[in-house]
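Here is the file my_file-v5.pdb (PDB, C-alpha atoms).
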```
ATOM      1  CA  MET A  61      -0.874   3.325  -6.687
ATOM      2  CA  TYR A  62      -1.547   3.214  -2.979
ATOM      3  CA  TYR A  63      -0.946   6.041  -0.528
ATOM      4  CA  PHE A  64      -0.012   5.374   3.101
ATOM      5  CA  HIS A  65      -1.283   8.216   5.302
ATOM      6  CA  ILE A  66      -0.605   8.414   9.029
ATOM      7  CA  HIS A  67      -3.478   9.866  11.067
ATOM      8  CA  GLY A  68      -3.156  10.841  14.700
ATOM      9  CA  PRO A  69      -4.365  13.249  17.346
ATOM     10  CA  ASP A  70      -1.875  15.871  16.153
ATOM     11  CA  GLY A  71      -2.893  15.730  12.468
ATOM     12  CA  THR A  72      -2.150  13.769   9.321
ATOM     13  CA  ILE A  73       1.086  12.979   7.544
ATOM     14  CA  ALA A  74       0.105  12.454   3.919
ATOM     15  CA  ASP A  75       1.985  10.161   1.574
ATOM     16  CA  GLU A  76       2.475  12.289  -1.537
ATOM     17  CA  GLU A  77       4.479   9.711  -3.537
ATOM     18  CA  GLY A  78       2.533   6.490  -3.136
ATOM     19  CA  SER A  79       3.604   2.921  -3.765
ATOM     20  CA  ASP A  80       2.865   0.723  -6.757
ATOM     21  CA  LEU A  81       1.754  -2.598  -5.286
ATOM     22  CA  ALA A  82       0.187  -5.606  -7.006
ATOM     23  CA  ASP A  83      -2.876  -6.232  -4.825
ATOM     24  CA  ILE A  84      -4.502  -5.725  -1.436
ATOM     25  CA  ALA A  85      -2.428  -8.547   0.084
ATOM     26  CA  ALA A  86       0.763  -6.691  -0.855
ATOM     27  CA  VAL A  87      -0.754  -3.470   0.509
ATOM     28  CA  ARG A  88      -1.490  -5.121   3.862
ATOM     29  CA  GLU A  89       1.993  -6.658   4.031
ATOM     30  CA  GLU A  90       3.595  -3.265   3.351
ATOM     31  CA  ALA A  91       1.289  -1.525   5.841
ATOM     32  CA  VAL A  92       2.055  -3.980   8.659
ATOM     33  CA  ALA A  93       5.809  -3.657   8.060
ATOM     34  CA  ALA A  94       5.585   0.148   8.024
ATOM     35  CA  VAL A  95       3.546   0.320  11.229
ATOM     36  CA  ARG A  96       5.903  -2.084  13.016
ATOM     37  CA  GLU A  97       8.872   0.095  12.074
ATOM     38  CA  ILE A  98       7.151   3.314  13.131
ATOM     39  CA  VAL A  99       5.957   1.863  16.452
ATOM     40  CA  ALA A 100       9.432   0.461  17.195
ATOM     41  CA  ASP A 101      10.994   3.877  16.522
ATOM     42  CA  ARG A 102       8.427   5.576  18.768
ATOM     43  CA  ILE A 103       9.034   3.078  21.581
ATOM     44  CA  ARG A 104      12.798   3.602  21.337
ATOM     45  CA  SER A 105      12.220   7.335  21.725
ATOM     46  CA  GLY A 106       9.981   6.822  24.765
ATOM     47  CA  LYS A 107       6.652   7.314  23.001
ATOM     48  CA  GLY A 108       3.764   4.994  22.245
ATOM     49  CA  PRO A 109       1.244   4.598  19.434
ATOM     50  CA  ASN A 110      -0.948   7.368  20.944
ATOM     51  CA  GLY A 111      -4.053   6.782  18.849
ATOM     52  CA  ARG A 112      -2.269   6.755  15.518
ATOM     53  CA  GLU A 113      -3.545   4.839  12.516
ATOM     54  CA  LEU A 114      -2.233   4.070   9.050
ATOM     55  CA  ARG A 115      -4.859   4.570   6.350
ATOM     56  CA  VAL A 116      -4.096   3.332   2.865
ATOM     57  CA  ALA A 117      -5.931   4.981  -0.017
ATOM     58  CA  ASP A 118      -6.082   4.061  -3.683
ATOM     59  CA  ASP A 119      -5.695   6.444  -6.650
ATOM     60  CA  ALA A 120      -9.294   7.593  -6.264
ATOM     61  CA  GLY A 121      -8.703   8.500  -2.605
ATOM     62  CA  LYS A 122     -10.820   5.619  -1.301
ATOM     63  CA  VAL A 123      -9.460   4.121   1.931
ATOM     64  CA  VAL A 124      -8.822   0.432   1.253
ATOM     65  CA  LEU A 125      -7.142  -0.408   4.566
ATOM     66  CA  SER A 126      -7.119   1.125   8.062
ATOM     67  CA  LEU A 127      -4.557  -0.201  10.490
ATOM     68  CA  PRO A 128      -4.513   1.209  14.042
ATOM     69  CA  PHE A 129      -0.981   1.192  15.465
ATOM     70  CA  ARG A 130      -2.231  -0.442  18.682
ATOM     71  CA  ASP A 131      -3.272  -3.533  16.678
ATOM     72  CA  ILE A 132       0.277  -4.343  15.592
TER      73      ILE A 132
END
```
If you took the structure in this file and wrote it as structure tokens, what would it be?
Amino acid sequence: MYYFHIHGPDGTIADEEGSDLADIAAVREEAVAAVREIVADRIRSGKGPNGRELRVADDAGKVVLSLPFRDI
């Protein structure tokens, strides 16, 4: 299981459910798609990425991928 947590200046939104993905390539693909959707929604509402970052952790809580919103 992988957990997709959103970190930003106003705190963290923790993924409590997680996603069962095959490997790190699938994790990255899912992370990029999620960040693109979130950034698009924020832009439509007149907001920007504002220092947010998606951090993906494994079952042990180890961060396996960090993806700053500004990089997408």
**OP:** Using the chain letters and numbers from the file, give me the residues hit by the PyMOL selection byres ((chain A and resi 63-80) around 8), as a list in words.
**Re:**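 Selection result, ordered by chain and number: Met61, Tyr62, Leu81, Ala82, Ala91, Asn110, Gly111, Arg112, Glu113, Leu114, Arg115, Val116, Ala117, Asp118 and Asp119 of chain A.
The spacing separating CA of Val99 in chain A from CA of Asp131 in chain A amounts to 10.7 Å.
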Original post:
For the atom pair CA of Gly106 in chain A and CA of Val87 in chain A, what is the interatomic distance in Å to one decimal place?
Top reply: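 Result for CA of Gly106 in chain A versus CA of Val87 in chain A: 28.5 Å, one decimal.
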Original post:
To one decimal place, how far is CA of Phe129 in chain A from CA of Asp83 in chain A in Å?
Top reply: 21.7 Å
Render range 63-105 of chain A from the structure in the preceding block as a file of N, CA and C atoms, as a PDB file, in the first residue's frame.
```pdb
ATOM      1  N   TYR A  63       0.543   5.607   0.432  1.00  0.00           N
ATOM      2  CA  TYR A  63      -0.303   6.652   0.981  1.00  0.00           C
ATOM      3  C   TYR A  63       0.138   8.000   0.420  1.00  0.00           C
ATOM      4  N   PHE A  64      -0.805   8.737  -0.138  1.00  0.00           N
ATOM      5  CA  PHE A  64      -0.544   9.987  -0.839  1.00  0.00           C
ATOM      6  C   PHE A  64      -0.943  11.154   0.070  1.00  0.00           C
ATOM      7  N   HIS A  65       0.049  11.760   0.722  1.00  0.00           N
ATOM      8  CA  HIS A  65      -0.196  12.847   1.660  1.00  0.00           C
ATOM      9  C   HIS A  65       0.127  14.187   1.005  1.00  0.00           C
ATOM     10  N   ILE A  66      -0.738  15.161   1.225  1.00  0.00           N
ATOM     11  CA  ILE A  66      -0.511  16.499   0.687  1.00  0.00           C
ATOM     12  C   ILE A  66       0.006  17.385   1.821  1.00  0.00           C
ATOM     13  N   HIS A  67       1.199  17.945   1.617  1.00  0.00           N
ATOM     14  CA  HIS A  67       1.814  18.834   2.601  1.00  0.00           C
ATOM     15  C   HIS A  67       1.822  20.245   2.050  1.00  0.00           C
ATOM     16  N   GLY A  68       1.512  21.207   2.890  1.00  0.00           N
ATOM     17  CA  GLY A  68       1.530  22.597   2.480  1.00  0.00           C
ATOM     18  C   GLY A  68       1.730  23.511   3.660  1.00  0.00           C
ATOM     19  N   PRO A  69       1.790  24.809   3.396  1.00  0.00           N
ATOM     20  CA  PRO A  69       2.027  25.773   4.461  1.00  0.00           C
ATOM     21  C   PRO A  69       0.929  25.785   5.532  1.00  0.00           C
ATOM     22  N   ASP A  70      -0.249  25.305   5.181  1.00  0.00           N
ATOM     23  CA  ASP A  70      -1.366  25.311   6.127  1.00  0.00           C
ATOM     24  C   ASP A  70      -1.591  23.950   6.784  1.00  0.00           C
ATOM     25  N   GLY A  71      -0.643  23.018   6.618  1.00  0.00           N
ATOM     26  CA  GLY A  71      -0.755  21.713   7.271  1.00  0.00           C
ATOM     27  C   GLY A  71      -0.688  20.557   6.289  1.00  0.00           C
ATOM     28  N   THR A  72      -1.109  19.403   6.769  1.00  0.00           N
ATOM     29  CA  THR A  72      -1.038  18.167   5.987  1.00  0.00           C
ATOM     30  C   THR A  72      -2.413  17.536   5.871  1.00  0.00           C
ATOM     31  N   ILE A  73      -2.717  17.066   4.684  1.00  0.00           N
ATOM     32  CA  ILE A  73      -3.916  16.258   4.462  1.00  0.00           C
ATOM     33  C   ILE A  73      -3.414  14.834   4.268  1.00  0.00           C
ATOM     34  N   ALA A  74      -3.700  13.987   5.251  1.00  0.00           N
ATOM     35  CA  ALA A  74      -3.191  12.617   5.235  1.00  0.00           C
ATOM     36  C   ALA A  74      -4.149  11.683   4.497  1.00  0.00           C
ATOM     37  N   ASP A  75      -3.575  10.814   3.714  1.00  0.00           N
ATOM     38  CA  ASP A  75      -4.318   9.764   3.027  1.00  0.00           C
ATOM     39  C   ASP A  75      -4.459   8.599   3.998  1.00  0.00           C
ATOM     40  N   GLU A  76      -5.639   8.369   4.492  1.00  0.00           N
ATOM     41  CA  GLU A  76      -5.880   7.315   5.478  1.00  0.00           C
ATOM     42  C   GLU A  76      -6.168   5.955   4.833  1.00  0.00           C
ATOM     43  N   GLU A  77      -6.577   5.962   3.550  1.00  0.00           N
ATOM     44  CA  GLU A  77      -6.982   4.721   2.885  1.00  0.00           C
ATOM     45  C   GLU A  77      -5.845   4.041   2.136  1.00  0.00           C
ATOM     46  N   GLY A  78      -5.044   4.818   1.446  1.00  0.00           N
ATOM     47  CA  GLY A  78      -3.951   4.264   0.666  1.00  0.00           C
ATOM     48  C   GLY A  78      -4.416   3.664  -0.651  1.00  0.00           C
ATOM     49  N   SER A  79      -3.435   3.336  -1.472  1.00  0.00           N
ATOM     50  CA  SER A  79      -3.682   2.733  -2.779  1.00  0.00           C
ATOM     51  C   SER A  79      -2.750   1.547  -2.961  1.00  0.00           C
ATOM     52  N   ASP A  80      -3.280   0.477  -3.482  1.00  0.00           N
ATOM     53  CA  ASP A  80      -2.494  -0.730  -3.741  1.00  0.00           C
ATOM     54  C   ASP A  80      -1.973  -0.650  -5.170  1.00  0.00           C
ATOM     55  N   LEU A  81      -0.691  -0.332  -5.308  1.00  0.00           N
ATOM     56  CA  LEU A  81      -0.087  -0.176  -6.626  1.00  0.00           C
ATOM     57  C   LEU A  81       1.075  -1.158  -6.775  1.00  0.00           C
ATOM     58  N   ALA A  82       1.345  -1.550  -8.011  1.00  0.00           N
ATOM     59  CA  ALA A  82       2.297  -2.625  -8.296  1.00  0.00           C
ATOM     60  C   ALA A  82       3.753  -2.277  -7.987  1.00  0.00           C
ATOM     61  N   ASP A  83       4.168  -1.042  -8.341  1.00  0.00           N
ATOM     62  CA  ASP A  83       5.581  -0.693  -8.196  1.00  0.00           C
ATOM     63  C   ASP A  83       5.734   0.818  -8.170  1.00  0.00           C
ATOM     64  N   ILE A  84       6.975   1.268  -8.038  1.00  0.00           N
ATOM     65  CA  ILE A  84       7.245   2.706  -7.927  1.00  0.00           C
ATOM     66  C   ILE A  84       6.872   3.454  -9.207  1.00  0.00           C
ATOM     67  N   ALA A  85       6.946   2.803 -10.351  1.00  0.00           N
ATOM     68  CA  ALA A  85       6.532   3.448 -11.603  1.00  0.00           C
ATOM     69  C   ALA A  85       5.034   3.747 -11.569  1.00  0.00           C
ATOM     70  N   ALA A  86       4.245   2.821 -11.074  1.00  0.00           N
ATOM     71  CA  ALA A  86       2.802   3.035 -10.951  1.00  0.00           C
ATOM     72  C   ALA A  86       2.503   4.111  -9.912  1.00  0.00           C
ATOM     73  N   VAL A  87       3.308   4.152  -8.848  1.00  0.00           N
ATOM     74  CA  VAL A  87       3.150   5.183  -7.821  1.00  0.00           C
ATOM     75  C   VAL A  87       3.389   6.559  -8.429  1.00  0.00           C
ATOM     76  N   ARG A  88       4.467   6.689  -9.192  1.00  0.00           N
ATOM     77  CA  ARG A  88       4.787   7.990  -9.810  1.00  0.00           C
ATOM     78  C   ARG A  88       3.692   8.404 -10.788  1.00  0.00           C
ATOM     79  N   GLU A  89       3.222   7.467 -11.595  1.00  0.00           N
ATOM     80  CA  GLU A  89       2.159   7.766 -12.560  1.00  0.00           C
ATOM     81  C   GLU A  89       0.905   8.273 -11.841  1.00  0.00           C
ATOM     82  N   GLU A  90       0.526   7.600 -10.769  1.00  0.00           N
ATOM     83  CA  GLU A  90      -0.647   7.997  -9.989  1.00  0.00           C
ATOM     84  C   GLU A  90      -0.430   9.360  -9.329  1.00  0.00           C
ATOM     85  N   ALA A  91       0.776   9.587  -8.811  1.00  0.00           N
ATOM     86  CA  ALA A  91       1.094  10.846  -8.144  1.00  0.00           C
ATOM     87  C   ALA A  91       1.029  12.020  -9.121  1.00  0.00           C
ATOM     88  N   VAL A  92       1.605  11.861 -10.295  1.00  0.00           N
ATOM     89  CA  VAL A  92       1.587  12.931 -11.300  1.00  0.00           C
ATOM     90  C   VAL A  92       0.142  13.250 -11.709  1.00  0.00           C
ATOM     91  N   ALA A  93      -0.657  12.234 -11.934  1.00  0.00           N
ATOM     92  CA  ALA A  93      -2.059  12.451 -12.313  1.00  0.00           C
ATOM     93  C   ALA A  93      -2.815  13.170 -11.199  1.00  0.00           C
ATOM     94  N   ALA A  94      -2.574  12.777  -9.959  1.00  0.00           N
ATOM     95  CA  ALA A  94      -3.266  13.403  -8.825  1.00  0.00           C
ATOM     96  C   ALA A  94      -2.869  14.864  -8.682  1.00  0.00           C
ATOM     97  N   VAL A  95      -1.584  15.153  -8.790  1.00  0.00           N
ATOM     98  CA  VAL A  95      -1.116  16.536  -8.652  1.00  0.00           C
ATOM     99  C   VAL A  95      -1.660  17.395  -9.791  1.00  0.00           C
ATOM    100  N   ARG A  96      -1.670  16.883 -10.989  1.00  0.00           N
ATOM    101  CA  ARG A  96      -2.217  17.645 -12.128  1.00  0.00           C
ATOM    102  C   ARG A  96      -3.680  18.004 -11.882  1.00  0.00           C
ATOM    103  N   GLU A  97      -4.445  17.062 -11.374  1.00  0.00           N
ATOM    104  CA  GLU A  97      -5.862  17.313 -11.103  1.00  0.00           C
ATOM    105  C   GLU A  97      -6.032  18.344  -9.991  1.00  0.00           C
ATOM    106  N   ILE A  98      -5.259  18.218  -8.942  1.00  0.00           N
ATOM    107  CA  ILE A  98      -5.357  19.164  -7.822  1.00  0.00           C
ATOM    108  C   ILE A  98      -4.952  20.566  -8.260  1.00  0.00           C
ATOM    109  N   VAL A  99      -3.840  20.679  -8.983  1.00  0.00           N
ATOM    110  CA  VAL A  99      -3.374  21.989  -9.449  1.00  0.00           C
ATOM    111  C   VAL A  99      -4.394  22.614 -10.391  1.00  0.00           C
ATOM    112  N   ALA A 100      -4.965  21.835 -11.295  1.00  0.00           N
ATOM    113  CA  ALA A 100      -5.985  22.355 -12.213  1.00  0.00           C
ATOM    114  C   ALA A 100      -7.191  22.882 -11.439  1.00  0.00           C
ATOM    115  N   ASP A 101      -7.634  22.145 -10.429  1.00  0.00           N
ATOM    116  CA  ASP A 101      -8.763  22.599  -9.607  1.00  0.00           C
ATOM    117  C   ASP A 101      -8.417  23.889  -8.875  1.00  0.00           C
ATOM    118  N   ARG A 102      -7.203  23.984  -8.359  1.00  0.00           N
ATOM    119  CA  ARG A 102      -6.791  25.200  -7.640  1.00  0.00           C
ATOM    120  C   ARG A 102      -6.719  26.382  -8.590  1.00  0.00           C
ATOM    121  N   ILE A 103      -6.217  26.189  -9.794  1.00  0.00           N
ATOM    122  CA  ILE A 103      -6.135  27.269 -10.771  1.00  0.00           C
ATOM    123  C   ILE A 103      -7.532  27.748 -11.153  1.00  0.00           C
ATOM    124  N   ARG A 104      -8.447  26.806 -11.356  1.00  0.00           N
ATOM    125  CA  ARG A 104      -9.829  27.184 -11.694  1.00  0.00           C
ATOM    126  C   ARG A 104     -10.483  28.003 -10.586  1.00  0.00           C
ATOM    127  N   SER A 105     -10.058  27.775  -9.353  1.00  0.00           N
ATOM    128  CA  SER A 105     -10.639  28.527  -8.235  1.00  0.00           C
ATOM    129  C   SER A 105      -9.803  29.759  -7.877  1.00  0.00           C
TER     130      SER A 105
END
```
